[in-house]
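Pasting query_26.txt here (compact mmCIF, C-alpha atoms):
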# COMPACT_ATOMS: atom_id res chain seq x y z
CA MET A 1 -266.90 11.67 -29.00
CA GLN A 2 -268.21 14.94 -30.43
CA THR A 3 -271.71 16.00 -29.37
CA HIS A 4 -274.11 18.66 -30.64
CA PHE A 5 -276.54 19.37 -27.83
CA SER A 6 -278.14 22.82 -27.81
CA ASP A 7 -277.84 25.21 -24.88
CA THR A 8 -281.51 24.61 -24.17
CA GLN A 9 -280.94 20.87 -24.00
CA LEU A 10 -277.89 21.30 -21.76
CA ALA A 11 -280.00 23.27 -19.29
CA ASP A 12 -281.52 19.89 -18.37
CA PRO A 13 -279.18 18.38 -15.72
CA ASP A 14 -279.76 14.85 -17.03
CA ILE A 15 -278.86 15.84 -20.60
CA ALA A 16 -275.83 17.77 -19.36
CA GLU A 17 -274.62 14.70 -17.45
CA SER A 18 -275.15 12.39 -20.42
CA ALA A 19 -273.45 14.83 -22.78
CA GLN A 20 -270.37 14.80 -20.54
CA ILE A 21 -270.38 11.00 -20.50
CA LEU A 22 -270.71 10.83 -24.28
CA ARG A 23 -267.81 13.23 -24.76
CA SER A 24 -265.57 11.01 -22.63
CA CYS A 25 -266.07 8.05 -25.00
CA VAL A 26 -263.34 7.66 -27.63
CA HIS A 27 -265.19 4.71 -29.30
CA CYS A 28 -262.07 2.54 -28.99
CA GLY A 29 -264.09 -0.68 -28.80
CA PHE A 30 -262.36 -2.19 -25.76
CA CYS A 31 -265.82 -2.56 -24.20
CA THR A 32 -266.94 -4.93 -26.94
CA THR A 33 -264.42 -7.56 -25.84
CA THR A 34 -266.00 -7.99 -22.39
CA CYS A 35 -269.69 -7.37 -23.17
CA PRO A 36 -271.81 -10.51 -22.62
CA THR A 37 -274.45 -9.71 -25.24
CA TYR A 38 -271.86 -8.83 -27.90
CA THR A 39 -269.98 -12.03 -27.05
CA LEU A 40 -273.14 -14.06 -27.62
CA LEU A 41 -274.82 -12.17 -30.46
CA GLY A 42 -271.92 -10.55 -32.32
CA ASN A 43 -274.03 -7.48 -33.14
CA GLU A 44 -272.33 -4.11 -32.76
CA LEU A 45 -275.63 -2.62 -31.57
CA ASP A 46 -275.64 -5.15 -28.75
CA SER A 47 -272.30 -3.83 -27.48
CA PRO A 48 -271.78 -0.81 -25.20
CA ARG A 49 -270.27 1.16 -28.05
CA GLY A 50 -273.23 0.43 -30.31
CA ARG A 51 -275.72 1.32 -27.62
CA ILE A 52 -273.85 4.55 -26.93
CA TYR A 53 -274.29 5.54 -30.59
CA LEU A 54 -278.01 4.75 -30.41
CA ILE A 55 -278.47 6.67 -27.16
CA LYS A 56 -276.48 9.65 -28.45
CA ASP A 57 -278.61 9.87 -31.57
CA MET A 58 -281.83 9.59 -29.59
CA LEU A 59 -280.95 12.18 -26.95
CA GLU A 60 -279.11 14.60 -29.20
CA ASN A 61 -282.03 14.78 -31.63
CA ASP A 62 -284.55 14.87 -28.79
CA ARG A 63 -286.57 12.11 -30.42
CA ALA A 64 -288.78 9.44 -28.97
CA ALA A 65 -287.28 6.00 -28.57
CA THR A 66 -287.72 3.71 -31.57
CA PRO A 67 -288.33 -0.05 -31.48
CA GLU A 68 -284.70 -0.61 -32.55
CA VAL A 69 -283.31 1.50 -29.71
CA VAL A 70 -285.62 -0.20 -27.22
CA LYS A 71 -284.62 -3.67 -28.39
CA HIS A 72 -280.90 -3.11 -27.99
CA VAL A 73 -281.09 -1.12 -24.74
CA ASP A 74 -283.42 -3.76 -23.27
CA ARG A 75 -280.85 -6.42 -24.13
CA CYS A 76 -278.24 -4.65 -21.99
CA LEU A 77 -277.74 -6.48 -18.69
CA SER A 78 -276.26 -3.45 -16.89
CA CYS A 79 -273.50 -5.81 -15.81
CA LEU A 80 -271.06 -2.87 -16.11
CA SER A 81 -268.23 -5.06 -17.34
CA CYS A 82 -267.67 -2.35 -19.93
CA MET A 83 -266.91 0.15 -17.18
CA THR A 84 -264.21 -2.11 -15.79
CA THR A 85 -262.68 -2.41 -19.25
CA CYS A 86 -263.03 1.20 -20.43
CA PRO A 87 -259.69 3.08 -20.43
CA SER A 88 -261.49 6.45 -20.66
CA GLY A 89 -263.68 6.10 -17.58
CA VAL A 90 -266.99 6.32 -19.44
CA ASN A 91 -269.83 6.12 -16.90
CA TYR A 92 -271.98 3.82 -18.98
CA MET A 93 -274.20 3.06 -15.95
CA HIS A 94 -275.53 6.62 -15.70
CA LEU A 95 -275.89 6.90 -19.46
CA VAL A 96 -277.91 3.72 -19.95
CA ASP A 97 -280.07 4.55 -16.93
CA HIS A 98 -280.87 7.92 -18.51
CA ALA A 99 -281.70 6.15 -21.77
CA ARG A 100 -284.09 3.81 -19.97
CA SER A 101 -285.82 6.73 -18.33
CA HIS A 102 -286.19 8.42 -21.73
CA ILE A 103 -287.58 5.20 -23.21
CA GLU A 104 -290.09 4.93 -20.38
CA LYS A 105 -291.30 8.47 -21.07
CA THR A 106 -291.40 8.36 -24.87
CA TYR A 107 -292.08 4.78 -25.98
CA LYS A 108 -295.33 2.83 -25.63
CA ARG A 109 -294.62 -0.86 -25.27
CA PRO A 110 -297.08 -3.58 -26.33
CA LEU A 111 -299.85 -4.12 -23.80
CA ALA A 112 -298.62 -7.56 -22.63
CA GLU A 113 -295.13 -6.22 -22.02
CA ARG A 114 -296.43 -3.18 -20.15
CA ALA A 115 -298.53 -5.46 -17.97
CA LEU A 116 -295.60 -7.76 -17.21
CA ARG A 117 -293.29 -4.88 -16.32
CA GLU A 118 -295.95 -3.33 -14.11
CA LEU A 119 -296.50 -6.67 -12.37
CA LEU A 120 -292.78 -7.09 -11.68
CA ALA A 121 -292.42 -3.49 -10.50
CA LEU A 122 -295.33 -3.94 -8.10
CA VAL A 123 -294.67 -7.44 -6.77
CA LEU A 124 -290.90 -7.98 -6.53
CA PRO A 125 -290.07 -4.98 -4.27
CA SER A 126 -292.81 -5.99 -1.79
CA PRO A 127 -291.93 -9.04 0.36
CA ARG A 128 -295.61 -9.52 1.21
CA LEU A 129 -296.80 -9.51 -2.40
CA PHE A 130 -293.81 -11.48 -3.66
CA ARG A 131 -294.35 -14.20 -1.08
CA LEU A 132 -298.03 -14.37 -1.98
CA ALA A 133 -297.23 -14.59 -5.70
CA LEU A 134 -294.78 -17.44 -5.15
CA ARG A 135 -297.27 -19.34 -3.04
CA LEU A 136 -299.94 -18.99 -5.68
CA GLY A 137 -297.55 -19.97 -8.48
CA GLY A 138 -295.84 -22.84 -6.67
CA PRO A 139 -298.36 -25.57 -7.61
CA PHE A 140 -297.91 -24.71 -11.30
CA ARG A 141 -294.09 -24.85 -11.30
CA GLY A 142 -294.12 -28.24 -13.01
CA LEU A 143 -295.86 -26.71 -16.01
CA ALA A 144 -292.97 -24.34 -16.77
CA GLY A 145 -291.82 -26.41 -19.73
CA LEU A 146 -295.23 -26.10 -21.35
CA LEU A 147 -295.41 -22.33 -21.08
CA PRO A 148 -293.92 -20.01 -23.71
CA GLY A 149 -291.03 -17.57 -23.31
CA ARG A 150 -291.23 -15.28 -20.33
CA LEU A 151 -294.05 -17.12 -18.56
CA GLY A 152 -292.10 -20.36 -18.64
CA GLY A 153 -288.98 -18.58 -17.45
CA MET A 154 -290.81 -17.04 -14.52
CA MET A 155 -292.24 -20.39 -13.47
CA ARG A 156 -288.83 -22.05 -13.67
CA MET A 157 -287.36 -19.43 -11.34
CA ALA A 158 -290.00 -20.02 -8.64
CA PRO A 159 -288.57 -22.02 -5.70
CA ALA A 160 -289.89 -25.52 -5.08
CA ASN A 161 -290.10 -24.80 -1.35
CA LEU A 162 -290.72 -21.34 0.07
CA PRO A 163 -289.05 -20.68 3.43
CA ALA A 164 -290.99 -19.11 6.27
CA PRO A 165 -290.45 -15.40 6.99
CA SER A 166 -287.61 -14.74 9.42
CA PRO A 167 -288.33 -12.88 12.68
CA TRP A 168 -284.92 -11.23 12.22
CA ASP A 169 -286.21 -9.27 9.25
CA ARG A 170 -288.50 -7.18 11.44
CA PRO A 171 -287.39 -3.70 12.61
CA GLN A 172 -285.22 -4.17 15.68
CA VAL A 173 -281.77 -3.77 17.21
CA ILE A 174 -279.67 -6.91 17.65
CA PRO A 175 -276.92 -6.33 20.24
CA ALA A 176 -273.29 -7.20 19.66
CA GLU A 177 -271.75 -10.16 21.44
CA GLY A 178 -269.24 -8.94 24.03
CA THR A 179 -267.87 -5.43 23.69
CA ARG A 180 -269.53 -3.41 20.96
CA ARG A 181 -267.04 -2.40 18.27
CA LYS A 182 -269.37 -1.01 15.62
CA ARG A 183 -273.02 -0.14 15.04
CA VAL A 184 -274.47 -0.73 11.57
CA VAL A 185 -277.73 -0.82 9.66
CA LEU A 186 -278.38 -3.99 7.67
CA MET A 187 -280.51 -3.44 4.59
CA ASN A 188 -282.58 -6.62 4.62
CA GLY A 189 -283.91 -6.04 1.12
CA CYS A 190 -287.06 -7.30 -0.54
CA ALA A 191 -286.80 -10.40 -2.76
CA GLN A 192 -283.92 -11.90 -0.78
CA GLN A 193 -285.80 -12.03 2.51
CA VAL A 194 -288.49 -14.05 0.72
CA LEU A 195 -286.30 -16.37 -1.37
CA ASP A 196 -283.62 -17.08 1.26
CA PRO A 197 -284.05 -15.38 4.66
CA ALA A 198 -281.16 -17.49 5.97
CA ILE A 199 -278.77 -15.06 4.24
CA ASN A 200 -279.82 -12.17 6.48
CA GLU A 201 -279.78 -14.44 9.52
CA ALA A 202 -276.21 -15.54 8.74
CA THR A 203 -275.17 -11.92 8.20
CA ILE A 204 -276.56 -10.87 11.57
CA ARG A 205 -274.88 -13.78 13.37
CA LEU A 206 -271.56 -13.05 11.70
CA LEU A 207 -271.69 -9.35 12.53
CA THR A 208 -272.82 -9.71 16.14
CA ARG A 209 -270.22 -12.43 16.73
CA HIS A 210 -267.61 -9.88 15.66
CA GLY A 211 -268.81 -7.23 18.10
CA VAL A 212 -271.15 -5.36 15.75
CA GLU A 213 -274.58 -4.11 16.80
CA VAL A 214 -277.06 -4.57 13.95
CA VAL A 215 -280.08 -2.38 13.28
CA ILE A 216 -282.99 -3.34 11.03
CA ALA A 217 -284.37 0.15 10.52
CA ALA A 218 -288.10 0.83 10.61
CA GLY A 219 -289.33 2.38 7.37
CA ALA A 220 -286.53 1.02 5.19
CA GLY A 221 -287.26 -1.33 2.30
CA CYS A 222 -286.44 -2.01 -1.33
CA CYS A 223 -283.43 -0.04 -2.58
CA GLY A 224 -285.21 0.97 -5.79
CA ALA A 225 -282.80 -0.76 -8.18
CA LEU A 226 -285.46 -2.88 -9.86
CA VAL A 227 -287.68 0.01 -10.94
CA HIS A 228 -284.66 2.25 -11.55
CA HIS A 229 -283.38 -0.16 -14.20
CA MET A 230 -286.84 -0.22 -15.76
CA GLY A 231 -286.59 3.53 -16.26
CA GLN A 232 -289.26 4.24 -13.63
CA GLU A 233 -287.38 7.07 -11.98
CA GLU A 234 -290.05 8.47 -9.68
CA ARG A 235 -290.74 5.03 -8.19
CA ALA A 236 -287.00 4.54 -7.67
CA HIS A 237 -286.71 7.93 -5.97
CA VAL A 238 -289.62 7.17 -3.64
CA LYS A 239 -287.88 4.01 -2.44
CA ALA A 240 -284.50 5.71 -2.14
CA ARG A 241 -285.98 8.59 -0.15
CA ALA A 242 -287.67 6.17 2.26
CA ASN A 243 -284.34 4.47 2.95
CA VAL A 244 -282.51 7.75 3.36
CA ASP A 245 -285.13 8.91 5.89
CA ALA A 246 -285.01 5.63 7.81
CA TRP A 247 -281.23 5.41 7.95
CA SER A 248 -280.82 9.11 8.71
CA ARG A 249 -282.90 8.65 11.86
CA GLU A 250 -280.46 5.99 13.02
CA LEU A 251 -277.40 8.02 12.03
CA GLU A 252 -278.66 11.12 13.81
CA GLY A 253 -279.85 9.10 16.81
CA ALA A 254 -277.52 6.47 18.25
CA GLY A 255 -275.09 6.83 15.34
CA LEU A 256 -273.93 4.45 12.63
CA ASP A 257 -270.60 3.22 11.35
CA ALA A 258 -271.87 1.72 8.09
CA ILE A 259 -274.80 0.64 5.96
CA ILE A 260 -274.30 -3.08 5.30
CA ILE A 261 -275.57 -4.68 2.09
CA ASN A 262 -275.48 -8.41 1.42
CA THR A 263 -277.16 -8.24 -1.99
CA SER A 264 -274.60 -6.72 -4.31
CA GLY A 265 -277.12 -5.50 -6.87
CA CYS A 266 -278.67 -3.36 -4.14
CA GLY A 267 -275.26 -2.23 -2.95
CA THR A 268 -274.37 -0.75 -6.34
CA THR A 269 -277.55 1.33 -6.30
CA VAL A 270 -277.34 2.44 -2.67
CA LYS A 271 -273.73 3.54 -3.11
CA ASP A 272 -275.02 5.71 -5.97
CA TYR A 273 -277.83 7.34 -3.94
CA GLY A 274 -275.95 10.63 -3.91
CA PHE A 275 -276.17 10.76 -7.70
CA LEU A 276 -279.68 9.37 -7.87
CA LEU A 277 -281.07 12.08 -5.56
CA ARG A 278 -278.66 14.84 -6.54
CA GLN A 279 -281.42 17.14 -7.75
CA GLU A 280 -283.47 16.90 -4.54
CA PRO A 281 -282.22 19.52 -2.05
CA ALA A 282 -283.86 17.85 0.95
CA TYR A 283 -282.09 14.56 0.23
CA ALA A 284 -278.95 15.12 -1.83
CA ALA A 285 -276.46 15.66 1.01
CA ARG A 286 -277.87 12.90 3.24
CA ALA A 287 -278.05 10.48 0.31
CA ALA A 288 -274.40 11.15 -0.56
CA THR A 289 -273.33 10.67 3.07
CA LEU A 290 -275.19 7.38 3.43
CA GLY A 291 -273.99 6.17 0.04
CA ALA A 292 -270.40 6.79 1.10
CA MET A 293 -271.03 4.80 4.30
CA THR A 294 -272.37 1.78 2.41
CA ARG A 295 -270.32 -1.41 2.42
CA ASP A 296 -270.83 -4.84 0.98
CA ILE A 297 -270.69 -7.36 3.81
CA THR A 298 -267.38 -8.73 2.49
CA GLU A 299 -265.90 -5.21 2.32
CA PHE A 300 -266.91 -4.59 5.92
CA MET A 301 -265.62 -7.92 7.21
CA SER A 302 -262.30 -7.28 5.48
CA GLU A 303 -262.09 -3.93 7.25
CA ILE A 304 -262.80 -5.24 10.76
CA GLY A 305 -261.04 -8.61 10.33
CA LEU A 306 -262.46 -12.13 10.32
CA GLN A 307 -262.09 -14.30 13.40
CA ALA A 308 -260.09 -17.49 13.04
CA PRO A 309 -262.28 -20.38 11.88
CA VAL A 310 -263.51 -22.70 14.63
CA ARG A 311 -263.90 -25.69 12.34
CA ALA A 312 -261.68 -27.10 9.64
CA SER A 313 -263.03 -27.42 6.11
CA ASN A 314 -261.71 -29.49 3.26
CA LEU A 315 -264.26 -28.09 0.81
CA THR A 316 -263.36 -26.51 -2.49
CA VAL A 317 -265.39 -23.44 -3.43
CA ALA A 318 -265.87 -22.03 -6.92
CA TYR A 319 -266.34 -18.32 -6.31
CA HIS A 320 -268.78 -16.62 -8.68
CA ALA A 321 -268.12 -12.88 -8.84
CA ALA A 322 -271.46 -11.09 -9.20
CA CYS A 323 -271.22 -8.32 -11.81
CA SER A 324 -272.68 -5.75 -9.44
CA LEU A 325 -269.93 -6.56 -6.95
CA GLN A 326 -266.88 -6.87 -9.21
CA HIS A 327 -267.83 -4.24 -11.81
CA GLY A 328 -270.42 -2.05 -10.08
CA GLN A 329 -268.65 -1.77 -6.71
CA ARG A 330 -265.14 -2.84 -7.70
CA VAL A 331 -265.04 -5.36 -4.83
CA ARG A 332 -263.03 -8.22 -6.24
CA GLU A 333 -260.47 -9.70 -3.85
CA ALA A 334 -262.18 -9.34 -0.46
CA PRO A 335 -264.70 -12.22 -0.87
CA LYS A 336 -262.03 -14.66 -2.05
CA ALA A 337 -259.57 -13.60 0.65
CA LEU A 338 -262.22 -14.05 3.35
CA LEU A 339 -263.18 -17.50 2.09
CA ARG A 340 -259.54 -18.55 2.15
CA ALA A 341 -259.13 -17.11 5.65
CA ALA A 342 -262.20 -19.13 6.68
CA GLY A 343 -260.45 -22.33 5.56
CA PHE A 344 -261.91 -22.96 2.12
CA ALA A 345 -259.94 -23.73 -1.03
CA VAL A 346 -261.08 -21.17 -3.59
CA LYS A 347 -261.05 -21.80 -7.32
CA GLU A 348 -261.23 -19.12 -9.99
CA ILE A 349 -263.81 -19.44 -12.78
CA ALA A 350 -262.93 -18.90 -16.44
CA GLU A 351 -264.59 -15.85 -18.04
CA SER A 352 -265.36 -14.61 -14.54
CA HIS A 353 -266.04 -11.13 -15.95
CA LEU A 354 -269.10 -12.36 -17.88
CA CYS A 355 -272.58 -12.15 -16.38
CA CYS A 356 -274.54 -15.26 -15.38
CA GLY A 357 -277.68 -13.77 -16.95
CA SER A 358 -279.55 -12.90 -13.76
CA ALA A 359 -279.16 -9.10 -13.77
CA GLY A 360 -282.19 -8.11 -11.71
CA THR A 361 -285.25 -8.92 -13.81
CA TYR A 362 -283.24 -9.66 -16.95
CA ASN A 363 -283.69 -13.43 -16.68
CA LEU A 364 -287.45 -12.82 -16.60
CA MET A 365 -287.56 -10.24 -19.39
CA GLN A 366 -284.89 -11.76 -21.69
CA PRO A 367 -285.04 -15.49 -20.85
CA GLU A 368 -283.37 -16.77 -24.02
CA ILE A 369 -280.19 -14.69 -23.67
CA ALA A 370 -280.20 -15.17 -19.89
CA THR A 371 -280.35 -18.95 -20.23
CA ARG A 372 -277.47 -19.00 -22.72
CA LEU A 373 -275.37 -16.92 -20.33
CA ARG A 374 -276.34 -19.12 -17.39
CA ASP A 375 -275.37 -22.32 -19.19
CA ARG A 376 -272.07 -20.79 -20.31
CA LYS A 377 -271.35 -19.75 -16.70
CA ILE A 378 -272.29 -23.14 -15.29
CA GLY A 379 -270.02 -24.88 -17.81
CA HIS A 380 -267.07 -22.87 -16.51
CA ILE A 381 -268.07 -23.47 -12.90
CA GLU A 382 -268.42 -27.23 -13.30
CA ALA A 383 -265.10 -27.38 -15.13
CA THR A 384 -263.36 -26.43 -11.87
CA THR A 385 -264.89 -29.54 -10.18
CA PRO A 386 -265.76 -27.72 -6.94
CA ASP A 387 -267.70 -29.05 -3.97
CA LEU A 388 -269.90 -25.97 -3.96
CA VAL A 389 -270.35 -22.49 -5.39
CA ALA A 390 -270.29 -19.21 -3.45
CA ALA A 391 -271.75 -15.90 -4.63
CA GLY A 392 -272.68 -12.56 -3.08
CA ASN A 393 -275.98 -11.83 -4.80
CA ILE A 394 -279.34 -13.60 -4.45
CA GLY A 395 -280.12 -13.11 -8.14
CA CYS A 396 -276.96 -14.94 -9.20
CA ILE A 397 -277.59 -17.67 -6.64
CA THR A 398 -281.13 -18.27 -7.93
CA GLN A 399 -280.06 -18.10 -11.58
CA ILE A 400 -277.12 -20.52 -11.29
CA ALA A 401 -279.02 -22.92 -9.02
CA SER A 402 -281.68 -23.28 -11.71
CA GLY A 403 -279.19 -25.04 -14.00
CA THR A 404 -276.83 -27.12 -11.87
CA ALA A 405 -276.95 -29.74 -9.14
CA LEU A 406 -273.97 -28.15 -7.36
CA PRO A 407 -274.94 -26.51 -4.07
CA ILE A 408 -274.68 -22.73 -4.22
CA VAL A 409 -274.73 -20.51 -1.15
CA HIS A 410 -274.08 -16.90 -0.25
CA THR A 411 -270.49 -16.13 0.75
CA VAL A 412 -271.64 -14.78 4.11
CA MET A 413 -273.21 -18.13 5.01
CA LEU A 414 -269.85 -19.85 4.60
CA LEU A 415 -268.11 -17.20 6.72
CA ASP A 416 -270.77 -17.57 9.40
CA TRP A 417 -270.46 -21.37 9.39
CA ALA A 418 -266.68 -21.28 9.59
CA THR A 419 -266.70 -18.93 12.58
CA GLY A 420 -269.32 -20.73 14.65
CA GLY A 421 -272.69 -20.56 12.87
CA PRO A 422 -274.83 -23.45 11.63
CA LYS A 423 -274.02 -25.39 8.49
CA PRO A 424 -275.93 -23.99 5.50
CA ALA A 425 -278.88 -26.22 4.62
CA ALA A 426 -277.72 -26.45 0.99
CA LEU A 427 -274.55 -28.22 2.17
CA SER A 428 -276.31 -30.92 4.20
CA GLY A 429 -275.10 -33.60 1.79
CA LEU A 430 -271.41 -32.60 2.04
Any chance you could give the structure as C-alpha cells?
Amino acid sequence: MQTHFSDTQLADPDIAESAQILRSCVHCGFCTTTCPTYTLLGNELDSPRGRIYLIKDMLENDRAATPEVVKHVDRCLSCLSCMTTCPSGVNYMHLVDHARSHIEKTYKRPLAERALRELLALVLPSPRLFRLALRLGGPFRGLAGLLPGRLGGMMRMAPANLPAPSPWDRPQVIPAEGTRRKRVVLMNGCAQQVLDPAINEATIRLLTRHGVEVVIAAGAGCCGALVHHMGQEERAHVKARANVDAWSRELEGAGLDAIIINTSGCGTTVKDYGFLLRQEPAYAARAATLGAMTRDITEFMSEIGLQAPVRASNLTVAYHAACSLQHGQRVREAPKALLRAAGFAVKEIAESHLCCGSAGTYNLMQPEIATRLRDRKIGHIEATTPDLVAAGNIGCITQIASGTALPIVHTVMLLDWATGGPKPAALSGL
C-alpha cells in the first residue's frame, strides 16, 4: 500500500512504525474472510482492510479521529485472526493499537462513555477494587434483564458467587516438589484472581508437582493490556514498567527460567513488552528479555513434559482456542496435545478461528456484537456434544459460561486434576 507521510511525520517513531505496517499491506482481502465483525456485519469498514484504510487516512492526514473512525475501530475485537490469515505479515496489532492511542488523544467521547471507560480502567486492573465492585453489584444481578445495553451486560457478567481470595496469590516463593528442575515467575494477574483464584492454585500445583519452583513476585500486577487496548498508553506503560522491575529483581537475584502466564490475553501483551517499552532506554532491553522468556502455561508444560496421568478419564472435552493464544501467541497444538496426554478425548470446534466475543472489555463495551459472537460460538461447541469445555483465558471462560449450561474450566485445571490435583469444582456433577 502506498503511503504519503512527510519526513516530519516519519520522525515520530510511532508514525514510522505504522507507515511500515501500512506499506506491507497489499489490500488482498484475505483478512475479511476470517474477521468476526465482518462475518457478522458484512461491512467493509468493519473488516481489517477497511479499518486499515480508515487508520491510514487519519494518520497520514494528521487529523483528529472522527465518529466514523471511532465506531469502526471500537468494533474491532483485536482477536488478531487477520494476522494469522494475512499472507503479507501485516502487523495489524501494532497498527490498531496506535490508532486507539491516537483516538484517545484526539477524540472526545460522550460523557457517559468516558465515565464507563474510566471506571473499567480503574476497577478491573485492581483486584481489591474489582472484588469490592462485584460484591456491591452482586445483589442486583437479577435485574440485568431490566437494564439497558452496557449496564445490563455488565450485570450479566457478574458471578453469582464470588470466591474468597487465595493465599497463594500473595508474594511468595512456592518450592518445587522433589528436585528442582526450573524456577519461574507466575503472573497471577488481576481480574482472574478475583473471578476464579482456583486457576492460579491449579497452575502452582501443576508446576511444583513437575519440579518447578514458583515465584509470585512482589510489586508485579496487571499486565496493562486492558488500558493499552483502550488507547491509554501511559497507564499501560506504568503497569508494564512495574512488572519489568519486579521480574527483573527475581531474574537478577536467584534467577528465572521463564515468566509463566495462564491468562492468554495477558500473555500476548507481556510477550510484546519489548515493543511496548521500546522507546524507554531504562526498560527497553529488560522488557525485551523478559518478553522473550514469557510462556503460556501450556507452552511451558509442553517443553518440560507432562507426567503420566494418575487417574483415567472418559470425559470428552471441547477445546476452545482463545484468540489471544491461537492468533496472538500462535500457540495452537500444545493445549490439545496436553489434554490428550492427560487422558481426555478432545473435540475440535467448527469456526474455531472466530472470537467468542469476550476480548478483554469488548463484551462490556460492545454487548450486542459480543452476545451474537458468544451464541454463535456456543452453538458450535454444543454441536460437538462434549462433557465439558476447556479454554486458556478467563475472559473466554466467563463469556462462554454466561450462555451455556456446559461446565467450562481452564485447561490447566484439567491437567492438574489428571496428574494428582483435586477435581475442578465445575465438574462436580460429572
Practice prompt. Could you tell me which of A:Ala292, A:Ala191, A:Leu95, A:Ala220 comes closest to Leu132 of chain A if we count all atoms listed in the file?
Written response: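 Closest to Leu132 of chain A of all the choices is A:Ala191.
Between atom CA of Glu234 of chain A and atom CA of Gly255 of chain A there is a distance of 29.2 Å.
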Worksheet item: For Thr419 of chain A, which residue among A:Thr385, A:Gly379, A:Ala334, A:Thr208 is the nearest when counting only C-alpha atoms?
Response: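 Of A:Thr385, A:Gly379, A:Ala334, A:Thr208, the one nearest Thr419 of chain A is A:Thr208, counting only C-alpha atoms.
From atom CA of Thr263 of chain A back to atom CA of Asp296 of chain A, the distance works out to 7.8 Å.
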Worksheet entry | Distance of atom CA of Tyr319 of chain A from atom CA of Glu333 of chain A, expressed in Å to one decimal place | 10.7 Å
Worksheet item: Which neighbours of Arg131 of chain A fall inside 10 Å, counting all atoms listed in the file, when residues of the same chain fewer than 3 positions from it are skipped, and could you give them as a list in words?
Response: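 Here the qualifying residues turn out to be Val123, Leu124, Ser126, Pro127, Arg128, Leu134, Arg135, Leu136, Gly137, Leu162, Pro163, Ala164, Pro165, Ala191, Gln193, Val194 and Leu195 of chain A.
Shortest atom-to-atom contact with Leu339 of chain A among A:Gln366, A:Ser324, A:Gln307, A:Ser166: A:Gln307, counting only C-alpha atoms.
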Discussion item. So that I can see what lies close to segment 99-102 of chain A, please list as a list of chain:residue names the residues with an atom at most 7 Å from it, counting only C-alpha atoms and leaving out residues fewer than 2 positions away in the same chain.
Written reply: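 Residues near the query, excluding close chain neighbours: A:Ile55, A:Leu95, A:Val96, A:Asp97, A:Glu104, A:Lys105, A:Thr106, A:Met230, A:Gly231, A:Gln232, A:Glu233.
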Response to the item:
Counting only C-alpha atoms, closest pick from A:Cys266, A:Leu306, A:Cys355, A:Ile15 relative to His228 of chain A is A:Cys266
Axis-aligned box over every listed atom of segment 196-208 of chain A, padded by 4 Å per side: centre and edges in Å to one decimal, as AutoDock Vina command-line options?
--center_x -277.8 --center_y -13.4 --center_z 8.7 --size_x 20.5 --size_y 16.1 --size_z 22.9
Worksheet item: Hey, what's within 12 Å of Lys71 of chain A if we count all atoms listed in the file and toss same-chain stuff fewer than 6 positions away? As a PyMOL selection string, please?
Response: chain A and resi 45-46+51+54+65+100+103+107+109+365-366
Fill in: Surrounding residues of Glu201 of chain A excluding itself and chain neighbours under 4 positions, 10 Å, only C-alpha atoms, as a list in words
Ser166, Pro167, Trp168, Asp169, Asn188, Gln193, Asp196, Pro197, Arg205, Leu206, Val412, Met413, Asp416 and Gly421 of chain A
Worksheet item: Could you list as a list of chain:residue names every residue that has an atom within 6 Å of (-280.2, -2.9, -18.6), using the file's coordinates and counting all atoms listed in the file?
Response: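 Looking at atoms near the point gives A:Asp74, A:Cys76, A:Leu77, A:Ser78.
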In file coordinates, which residues lie within 10 Å of (-288.0, 10.1, -0.2) using all atoms listed in the file, given as a short mmCIF file (atom, residue, chain, number, x, y, z; two decimals) with C-alpha atoms, in the frame of the given file?
data_model
loop_
_atom_site.label_atom_id
_atom_site.label_comp_id
_atom_site.auth_asym_id
_atom_site.auth_seq_id
_atom_site.Cartn_x
_atom_site.Cartn_y
_atom_site.Cartn_z
CA GLU A 234 -290.05 8.47 -9.68
CA ARG A 235 -290.74 5.03 -8.19
CA ALA A 236 -287.00 4.54 -7.67
CA HIS A 237 -286.71 7.93 -5.97
CA VAL A 238 -289.62 7.17 -3.64
CA LYS A 239 -287.88 4.01 -2.44
CA ALA A 240 -284.50 5.71 -2.14
CA ARG A 241 -285.98 8.59 -0.15
CA ALA A 242 -287.67 6.17 2.26
CA ASN A 243 -284.34 4.47 2.95
CA VAL A 244 -282.51 7.75 3.36
CA ASP A 245 -285.13 8.91 5.89
CA ALA A 246 -285.01 5.63 7.81
CA LEU A 277 -281.07 12.08 -5.56
CA GLU A 280 -283.47 16.90 -4.54
CA ALA A 282 -283.86 17.85 0.95
CA TYR A 283 -282.09 14.56 0.23
CA ALA A 287 -278.05 10.48 0.31
#
Worksheet item: Near Leu256 of chain A, counting only C-alpha atoms, which residues have an atom at most 9 Å away, once you skip same-chain residues fewer than 2 positions from it, shown as a ChimeraX atom specification?
Response: /A:182-185,247,250-254,258-259,293
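Remark: for Leu315 of chain A, the closest of the candidate residues A:Leu111, A:Asp375, A:Leu430, A:Phe275 is A:Leu430 (distances computed over only C-alpha atoms).
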N, CA and C atoms for segment 327-332 of chain A, written as a PDB file, in the coordinates of the input, could you do that?
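Result file is selection.pdb:
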ATOM      1  N   HIS A 327    -267.863  -5.370 -10.877  1.00  0.00           N
ATOM      2  CA  HIS A 327    -267.830  -4.240 -11.810  1.00  0.00           C
ATOM      3  C   HIS A 327    -268.510  -2.993 -11.212  1.00  0.00           C
ATOM      4  N   GLY A 328    -269.683  -3.183 -10.613  1.00  0.00           N
ATOM      5  CA  GLY A 328    -270.420  -2.050 -10.080  1.00  0.00           C
ATOM      6  C   GLY A 328    -269.763  -1.425  -8.861  1.00  0.00           C
ATOM      7  N   GLN A 329    -269.247  -2.269  -7.949  1.00  0.00           N
ATOM      8  CA  GLN A 329    -268.650  -1.770  -6.710  1.00  0.00           C
ATOM      9  C   GLN A 329    -267.136  -1.915  -6.655  1.00  0.00           C
ATOM     10  N   ARG A 330    -266.579  -2.601  -7.633  1.00  0.00           N
ATOM     11  CA  ARG A 330    -265.140  -2.840  -7.700  1.00  0.00           C
ATOM     12  C   ARG A 330    -264.614  -3.598  -6.468  1.00  0.00           C
ATOM     13  N   VAL A 331    -265.445  -4.476  -5.932  1.00  0.00           N
ATOM     14  CA  VAL A 331    -265.040  -5.360  -4.830  1.00  0.00           C
ATOM     15  C   VAL A 331    -264.715  -6.710  -5.437  1.00  0.00           C
ATOM     16  N   ARG A 332    -263.445  -7.022  -5.508  1.00  0.00           N
ATOM     17  CA  ARG A 332    -263.030  -8.220  -6.240  1.00  0.00           C
ATOM     18  C   ARG A 332    -262.274  -9.231  -5.367  1.00  0.00           C
TER      19      ARG A 332
END
